[in-house]
>>> print(open('query_23.csv').read())   # CSV, C-alpha atoms
chain,number,residue,atom,x,y,z
A,3,MET,CA,7.4,-4.8,-6.5
A,4,THR,CA,9.3,-5.2,-3.3
A,5,LYS,CA,7.5,-3.6,-0.3
A,6,ALA,CA,9.5,-2.1,2.5
A,7,ALA,CA,8.4,-1.2,6.1
A,8,ILE,CA,10.3,1.7,7.6
A,9,TYR,CA,10.9,1.6,11.3
A,10,VAL,CA,12.1,4.7,13.2
A,11,ARG,CA,12.6,5.2,16.9
A,12,LEU,CA,14.0,7.8,19.3
A,13,SER,CA,14.4,7.6,23.1
A,14,GLU,CA,12.8,10.2,25.2
A,15,GLU,CA,16.1,11.4,26.5
A,16,ASP,CA,17.2,12.2,22.9
A,17,ARG,CA,14.1,14.2,21.9
A,18,ASP,CA,14.2,17.8,20.7
A,19,LYS,CA,10.5,18.4,19.9
A,20,THR,CA,8.5,21.1,21.5
A,21,THR,CA,5.1,19.4,21.4
A,22,GLU,CA,3.9,15.8,21.7
A,23,GLU,CA,2.4,15.8,18.2
A,24,GLN,CA,5.6,17.0,16.6
A,25,ASP,CA,8.2,14.5,15.3
A,26,SER,CA,11.7,15.1,16.6
A,27,ASP,CA,14.4,16.2,14.1
A,28,SER,CA,16.0,12.8,14.4
A,29,ILE,CA,12.8,11.0,13.5
A,30,VAL,CA,12.3,13.3,10.5
A,31,ASN,CA,15.9,12.7,9.4
A,32,GLN,CA,15.5,8.9,9.9
A,33,LYS,CA,12.3,8.9,7.8
A,34,ASN,CA,13.9,11.0,5.0
A,35,LEU,CA,17.1,8.8,4.9
A,36,LEU,CA,15.1,5.6,4.7
A,37,LYS,CA,12.6,6.9,2.1
A,38,ASP,CA,15.5,8.0,-0.1
A,39,TYR,CA,17.2,4.6,0.4
A,40,ALA,CA,14.0,2.7,-0.5
A,41,GLY,CA,13.5,4.9,-3.6
A,42,LYS,CA,17.1,4.2,-4.8
A,43,GLN,CA,16.4,0.4,-4.4
A,44,GLY,CA,13.1,0.7,-6.3
A,45,TRP,CA,11.1,-0.4,-3.3
A,46,GLU,CA,7.6,0.7,-2.5
A,47,ILE,CA,7.1,1.9,1.0
A,48,TYR,CA,4.4,-0.2,2.7
A,49,ASP,CA,4.1,1.8,5.9
A,50,ILE,CA,6.2,3.9,8.3
A,51,TYR,CA,6.2,2.7,11.9
A,52,SER,CA,7.4,5.3,14.4
A,53,ASP,CA,8.0,5.0,18.1
A,54,ASP,CA,9.1,8.3,19.5
A,55,ASP,CA,10.0,8.5,23.2
A,56,TYR,CA,10.7,4.8,23.6
A,57,ARG,CA,13.9,3.0,24.6
A,58,GLY,CA,15.4,0.3,22.4
A,59,SER,CA,15.1,-2.2,25.2
A,60,ASP,CA,11.3,-1.6,25.6
A,61,ALA,CA,9.5,-4.6,24.0
A,62,THR,CA,6.1,-2.8,24.4
A,63,ARG,CA,6.7,-0.2,21.7
A,64,PRO,CA,3.3,0.1,20.0
A,65,ASP,CA,4.5,0.6,16.4
A,66,LEU,CA,7.3,-2.0,16.7
A,67,ASN,CA,4.6,-4.5,17.7
A,68,ARG,CA,2.3,-3.4,14.9
A,69,MET,CA,5.2,-3.8,12.4
A,70,LEU,CA,6.0,-7.3,13.8
A,71,LYS,CA,2.4,-8.3,13.4
A,72,ASP,CA,2.4,-7.0,9.8
A,73,ALA,CA,5.7,-8.8,9.2
A,74,GLU,CA,4.3,-12.1,10.4
A,75,GLU,CA,1.3,-11.6,8.1
A,76,ARG,CA,3.9,-11.0,5.3
A,77,LYS,CA,2.6,-7.6,4.2
A,78,PHE,CA,6.1,-6.5,3.1
A,79,GLN,CA,9.4,-8.1,2.3
A,80,VAL,CA,12.0,-5.7,3.8
A,81,VAL,CA,12.3,-3.9,7.2
A,82,LEU,CA,14.4,-0.7,6.8
A,83,CYS,CA,15.8,0.8,10.0
A,84,LYS,CA,18.6,3.5,10.1
A,85,THR,CA,20.7,1.4,12.5
A,86,LEU,CA,20.4,-1.9,14.3
A,87,SER,CA,20.2,0.0,17.6
A,88,ARG,CA,17.0,1.9,16.3
A,89,PHE,CA,15.4,-1.6,16.0
A,90,ALA,CA,16.5,-2.9,19.4
A,91,ARG,CA,19.2,-2.7,22.0
A,92,ASP,CA,18.3,-6.1,23.4
A,93,VAL,CA,20.5,-8.9,21.9
A,94,THR,CA,17.8,-11.5,22.5
A,95,MET,CA,15.3,-9.4,20.6
A,96,VAL,CA,17.7,-8.9,17.7
A,97,ASP,CA,18.4,-12.6,17.5
A,98,THR,CA,14.7,-13.6,17.9
A,99,TYR,CA,13.5,-11.3,15.1
A,100,ILE,CA,16.3,-10.5,12.7
A,101,ASN,CA,18.1,-13.9,12.8
A,102,ASN,CA,15.0,-16.1,13.2
A,103,LYS,CA,11.5,-14.8,12.7
A,104,PHE,CA,12.3,-12.5,9.8
A,105,PHE,CA,14.1,-15.4,8.1
A,106,GLU,CA,11.1,-17.6,8.7
A,107,TRP,CA,8.7,-15.0,7.4
A,108,GLY,CA,10.9,-14.3,4.2
A,109,ILE,CA,11.7,-10.8,5.3
A,110,HIS,CA,15.2,-9.2,5.2
A,111,PHE,CA,16.4,-6.5,7.5
A,112,VAL,CA,18.4,-3.6,6.2
A,113,ALA,CA,20.2,-0.9,8.3
A,114,PRO,CA,21.9,1.3,5.8
A,115,ALA,CA,23.9,3.4,8.3
A,116,ASN,CA,25.5,0.1,9.6
A,117,PHE,CA,25.8,-1.4,6.1
A,118,ALA,CA,23.8,-4.3,7.5
A,119,ASP,CA,21.6,-6.5,5.3
A,120,SER,CA,20.4,-9.9,6.5
A,121,SER,CA,20.0,-11.1,3.0
A,122,GLN,CA,23.8,-11.0,2.4
>>> encode(input="query_23.csv", output="structure tokens")
Amino acid sequence: MTKAAIYVRLSEEDRDKTTEEQDSDSIVNQKNLLKDYAGKQGWEIYDIYSDDDYRGSDATRPDLNRMLKDAEERKFQVVLCKTLSRFARDVTMVDTYINNKFFEWGIHFVAPANFADSSQ
């Protein structure tokens, strides 16, 4: 069975949560959309990686880096992210991972809200 990693992110300026432990509504909505999408594809969710309060240009995001390490170790076959901008806002980072490293590691990237799928 295909395993998918879900990656969600929200910048600090977009947050609407009242406590640090709480997920923002946007994070909750992203998770629900991506879980539903994975289910419709028949994919098993390997893990959900969530960076709340981080900018898309911040390469030090803890869960992004944890996901990239797991991707390199080929623990899943798909990265699901609501939109390309939730993954990264840095063109170099997008090119490095989505167009190069993921291809090398046999992983395809899917952003359903952008109709983006690196396998097509």
>>> residues_around(input="query_23.csv", residues="A:Asp60", least_positions_apart="3", cutoff="12 Å", atoms="all atoms listed in the file", output="list in words")
Arg11, Leu12, Ser13, Glu14, Asp53, Asp54, Asp55, Tyr56, Arg57, Arg63, Pro64, Asp65, Leu66, Asn67, Arg88, Phe89, Ala90, Arg91, Asp92 and Met95 of chain A
>>> closest_residue(input="query_23.csv", among="A:Asp27, A:Asp72, A:Asp119, A:Glu106", to="A:Ile50", atoms="all atoms listed in the file")
A:Asp72
>>> atom_distance(input="query_23.csv", atom1="atom CA of A:Lys77", atom2="atom CA of A:Gly44")
17.0 Å
>>> atom_distance(input="query_23.csv", atom1="atom CA of A:Cys83", atom2="atom CA of A:Tyr99")
13.3 Å
>>> residues_around(input="query_23.csv", residues="A:Val81", least_positions_apart="4", cutoff="10 Å", atoms="only C-alpha atoms", output="NGL selection string")
:A and (5-9 or 47-48 or 50 or 69-70 or 73 or 89 or 100 or 104 or 109-113 or 119)
>>> atom_distance(input="query_23.csv", atom1="atom CA of A:Gln43", atom2="atom CA of A:Gly58")
26.8 Å
>>> residues_around(input="query_23.csv", residues="A:Asn116", least_positions_apart="6", cutoff="8 Å", atoms="all atoms listed in the file", output="PyMOL selection string")
chain A and resi 84-86
>>> axis_aligned_box(input="query_23.csv", around="stretch 99-105 of chain A", padding_each_side="4 Å", output="JSON")
{"center_x": 14.8, "center_y": -13.3, "center_z": 11.6, "size_x": 14.6, "size_y": 13.6, "size_z": 15.0}
>>> closest_residue(input="query_23.csv", among="A:Ala115, A:Val93, A:Met3, A:Ala61", to="A:Leu35", atoms="only C-alpha atoms")
A:Ala115
>>> closest_residue(input="query_23.csv", among="A:Leu82, A:Gly108, A:Ser120, A:Arg68", to="A:Tyr39", atoms="all atoms listed in the file")
A:Leu82
>>> decode(input="query_23.csv", residues="chain A", atoms="C-alpha atoms", output="PDB file, in the first residue's frame")
ATOM      1  CA  MET A   3       0.000   0.000   0.000  1.00  0.00           C
ATOM      2  CA  THR A   4       1.200   3.506  -0.829  1.00  0.00           C
ATOM      3  CA  LYS A   5       2.190   5.504   2.238  1.00  0.00           C
ATOM      4  CA  ALA A   6       1.679   9.260   2.298  1.00  0.00           C
ATOM      5  CA  ALA A   7       3.243  11.905   4.514  1.00  0.00           C
ATOM      6  CA  ILE A   8       1.014  14.887   5.220  1.00  0.00           C
ATOM      7  CA  TYR A   9       2.728  18.234   5.675  1.00  0.00           C
ATOM      8  CA  VAL A  10       0.858  21.266   7.023  1.00  0.00           C
ATOM      9  CA  ARG A  11       2.136  24.717   7.866  1.00  0.00           C
ATOM     10  CA  LEU A  12       0.814  28.089   8.923  1.00  0.00           C
ATOM     11  CA  SER A  13       2.663  31.344   9.438  1.00  0.00           C
ATOM     12  CA  GLU A  14       2.507  33.069  12.809  1.00  0.00           C
ATOM     13  CA  GLU A  15       0.766  36.099  11.315  1.00  0.00           C
ATOM     14  CA  ASP A  16      -2.096  33.874  10.060  1.00  0.00           C
ATOM     15  CA  ARG A  17      -2.764  32.088  13.310  1.00  0.00           C
ATOM     16  CA  ASP A  18      -6.097  32.155  15.097  1.00  0.00           C
ATOM     17  CA  LYS A  19      -5.406  29.867  18.039  1.00  0.00           C
ATOM     18  CA  THR A  20      -5.759  30.956  21.618  1.00  0.00           C
ATOM     19  CA  THR A  21      -3.118  28.681  23.203  1.00  0.00           C
ATOM     20  CA  GLU A  22       0.266  27.366  22.040  1.00  0.00           C
ATOM     21  CA  GLU A  23      -0.911  23.744  22.278  1.00  0.00           C
ATOM     22  CA  GLN A  24      -3.983  24.302  20.117  1.00  0.00           C
ATOM     23  CA  ASP A  25      -3.879  23.819  16.343  1.00  0.00           C
ATOM     24  CA  SER A  26      -5.150  26.800  14.389  1.00  0.00           C
ATOM     25  CA  ASP A  27      -8.347  26.355  12.373  1.00  0.00           C
ATOM     26  CA  SER A  28      -6.272  26.443   9.192  1.00  0.00           C
ATOM     27  CA  ILE A  29      -4.016  23.603  10.367  1.00  0.00           C
ATOM     28  CA  VAL A  30      -7.067  21.545  11.346  1.00  0.00           C
ATOM     29  CA  ASN A  31      -8.677  22.232   7.949  1.00  0.00           C
ATOM     30  CA  GLN A  32      -5.464  21.354   6.071  1.00  0.00           C
ATOM     31  CA  LYS A  33      -5.165  18.059   7.974  1.00  0.00           C
ATOM     32  CA  ASN A  34      -8.800  17.147   7.312  1.00  0.00           C
ATOM     33  CA  LEU A  35      -8.578  17.974   3.599  1.00  0.00           C
ATOM     34  CA  LEU A  36      -5.380  15.950   3.160  1.00  0.00           C
ATOM     35  CA  LYS A  37      -6.599  12.966   5.206  1.00  0.00           C
ATOM     36  CA  ASP A  38      -9.742  12.881   3.076  1.00  0.00           C
ATOM     37  CA  TYR A  39      -7.692  13.143  -0.130  1.00  0.00           C
ATOM     38  CA  ALA A  40      -5.364  10.311   0.967  1.00  0.00           C
ATOM     39  CA  GLY A  41      -8.350   8.142   1.851  1.00  0.00           C
ATOM     40  CA  LYS A  42      -9.925   8.686  -1.575  1.00  0.00           C
ATOM     41  CA  GLN A  43      -6.639   7.630  -3.205  1.00  0.00           C
ATOM     42  CA  GLY A  44      -6.452   4.518  -1.020  1.00  0.00           C
ATOM     43  CA  TRP A  45      -3.223   5.726   0.589  1.00  0.00           C
ATOM     44  CA  GLU A  46      -2.164   4.938   4.143  1.00  0.00           C
ATOM     45  CA  ILE A  47      -1.069   7.969   6.156  1.00  0.00           C
ATOM     46  CA  TYR A  48       2.478   7.387   7.352  1.00  0.00           C
ATOM     47  CA  ASP A  49       2.653  10.499   9.559  1.00  0.00           C
ATOM     48  CA  ILE A  50       1.414  14.084   9.824  1.00  0.00           C
ATOM     49  CA  TYR A  51       4.122  16.737   9.997  1.00  0.00           C
ATOM     50  CA  SER A  52       2.951  20.107  11.269  1.00  0.00           C
ATOM     51  CA  ASP A  53       4.817  23.393  11.549  1.00  0.00           C
ATOM     52  CA  ASP A  54       2.534  25.992  13.074  1.00  0.00           C
ATOM     53  CA  ASP A  55       3.880  29.548  13.386  1.00  0.00           C
ATOM     54  CA  TYR A  56       6.628  29.158  10.754  1.00  0.00           C
ATOM     55  CA  ARG A  57       7.157  31.100   7.536  1.00  0.00           C
ATOM     56  CA  GLY A  58       7.380  29.228   4.248  1.00  0.00           C
ATOM     57  CA  SER A  59      10.845  30.643   3.671  1.00  0.00           C
ATOM     58  CA  ASP A  60      12.167  29.315   7.017  1.00  0.00           C
ATOM     59  CA  ALA A  61      14.385  26.297   6.266  1.00  0.00           C
ATOM     60  CA  THR A  62      14.709  25.497   9.994  1.00  0.00           C
ATOM     61  CA  ARG A  63      11.109  24.278  10.393  1.00  0.00           C
ATOM     62  CA  PRO A  64      11.401  21.252  12.711  1.00  0.00           C
ATOM     63  CA  ASP A  65       8.706  19.041  11.202  1.00  0.00           C
ATOM     64  CA  LEU A  66       9.685  19.911   7.637  1.00  0.00           C
ATOM     65  CA  ASN A  67      13.215  18.735   8.402  1.00  0.00           C
ATOM     66  CA  ARG A  68      11.917  15.609  10.154  1.00  0.00           C
ATOM     67  CA  MET A  69       9.779  14.862   7.090  1.00  0.00           C
ATOM     68  CA  LEU A  70      12.701  15.422   4.712  1.00  0.00           C
ATOM     69  CA  LYS A  71      14.839  13.009   6.752  1.00  0.00           C
ATOM     70  CA  ASP A  72      12.058  10.396   6.625  1.00  0.00           C
ATOM     71  CA  ALA A  73      11.676  11.022   2.876  1.00  0.00           C
ATOM     72  CA  GLU A  74      15.378  10.449   2.307  1.00  0.00           C
ATOM     73  CA  GLU A  75      15.044   7.196   4.271  1.00  0.00           C
ATOM     74  CA  ARG A  76      12.140   6.312   1.923  1.00  0.00           C
ATOM     75  CA  LYS A  77       9.614   5.744   4.711  1.00  0.00           C
ATOM     76  CA  PHE A  78       6.753   6.854   2.409  1.00  0.00           C
ATOM     77  CA  GLN A  79       6.097   7.357  -1.295  1.00  0.00           C
ATOM     78  CA  VAL A  80       4.000  10.540  -1.388  1.00  0.00           C
ATOM     79  CA  VAL A  81       4.183  13.985   0.211  1.00  0.00           C
ATOM     80  CA  LEU A  82       0.749  15.581   0.487  1.00  0.00           C
ATOM     81  CA  CYS A  83       0.541  19.323   1.077  1.00  0.00           C
ATOM     82  CA  LYS A  84      -2.546  21.485   0.547  1.00  0.00           C
ATOM     83  CA  THR A  85      -0.698  23.946  -1.704  1.00  0.00           C
ATOM     84  CA  LEU A  86       2.833  24.366  -2.952  1.00  0.00           C
ATOM     85  CA  SER A  87       3.183  27.508  -0.794  1.00  0.00           C
ATOM     86  CA  ARG A  88       2.468  25.476   2.363  1.00  0.00           C
ATOM     87  CA  PHE A  89       5.592  23.432   1.528  1.00  0.00           C
ATOM     88  CA  ALA A  90       7.864  26.363   0.698  1.00  0.00           C
ATOM     89  CA  ARG A  91       7.871  29.910  -0.572  1.00  0.00           C
ATOM     90  CA  ASP A  92      11.513  29.713  -1.611  1.00  0.00           C
ATOM     91  CA  VAL A  93      11.893  28.749  -5.289  1.00  0.00           C
ATOM     92  CA  THR A  94      15.310  27.209  -4.647  1.00  0.00           C
ATOM     93  CA  MET A  95      13.889  24.964  -1.921  1.00  0.00           C
ATOM     94  CA  VAL A  96      10.998  23.890  -4.165  1.00  0.00           C
ATOM     95  CA  ASP A  97      13.417  23.066  -6.975  1.00  0.00           C
ATOM     96  CA  THR A  98      15.867  21.272  -4.675  1.00  0.00           C
ATOM     97  CA  TYR A  99      13.275  18.993  -3.120  1.00  0.00           C
ATOM     98  CA  ILE A 100      10.243  18.634  -5.367  1.00  0.00           C
ATOM     99  CA  ASN A 101      12.098  18.633  -8.682  1.00  0.00           C
ATOM    100  CA  ASN A 102      15.285  16.874  -7.600  1.00  0.00           C
ATOM    101  CA  LYS A 103      15.556  15.121  -4.238  1.00  0.00           C
ATOM    102  CA  PHE A 104      12.011  13.718  -4.189  1.00  0.00           C
ATOM    103  CA  PHE A 105      12.510  12.390  -7.714  1.00  0.00           C
ATOM    104  CA  GLU A 106      15.821  10.819  -6.634  1.00  0.00           C
ATOM    105  CA  TRP A 107      14.151   9.265  -3.576  1.00  0.00           C
ATOM    106  CA  GLY A 108      11.160   7.935  -5.558  1.00  0.00           C
ATOM    107  CA  ILE A 109       8.665  10.249  -3.859  1.00  0.00           C
ATOM    108  CA  HIS A 110       6.033  12.276  -5.594  1.00  0.00           C
ATOM    109  CA  PHE A 111       4.597  15.533  -4.322  1.00  0.00           C
ATOM    110  CA  VAL A 112       0.875  16.253  -4.467  1.00  0.00           C
ATOM    111  CA  ALA A 113      -0.787  19.600  -3.707  1.00  0.00           C
ATOM    112  CA  PRO A 114      -4.511  18.982  -4.332  1.00  0.00           C
ATOM    113  CA  ALA A 115      -5.604  22.626  -3.999  1.00  0.00           C
ATOM    114  CA  ASN A 116      -3.176  23.562  -6.829  1.00  0.00           C
ATOM    115  CA  PHE A 117      -3.906  20.418  -8.868  1.00  0.00           C
ATOM    116  CA  ALA A 118      -0.165  19.772  -8.671  1.00  0.00           C
ATOM    117  CA  ASP A 119       1.263  16.256  -8.881  1.00  0.00           C
ATOM    118  CA  SER A 120       4.944  15.742  -9.629  1.00  0.00           C
ATOM    119  CA  SER A 121       4.259  12.243 -10.987  1.00  0.00           C
ATOM    120  CA  GLN A 122       2.314  13.621 -13.967  1.00  0.00           C
TER     121      GLN A 122
END
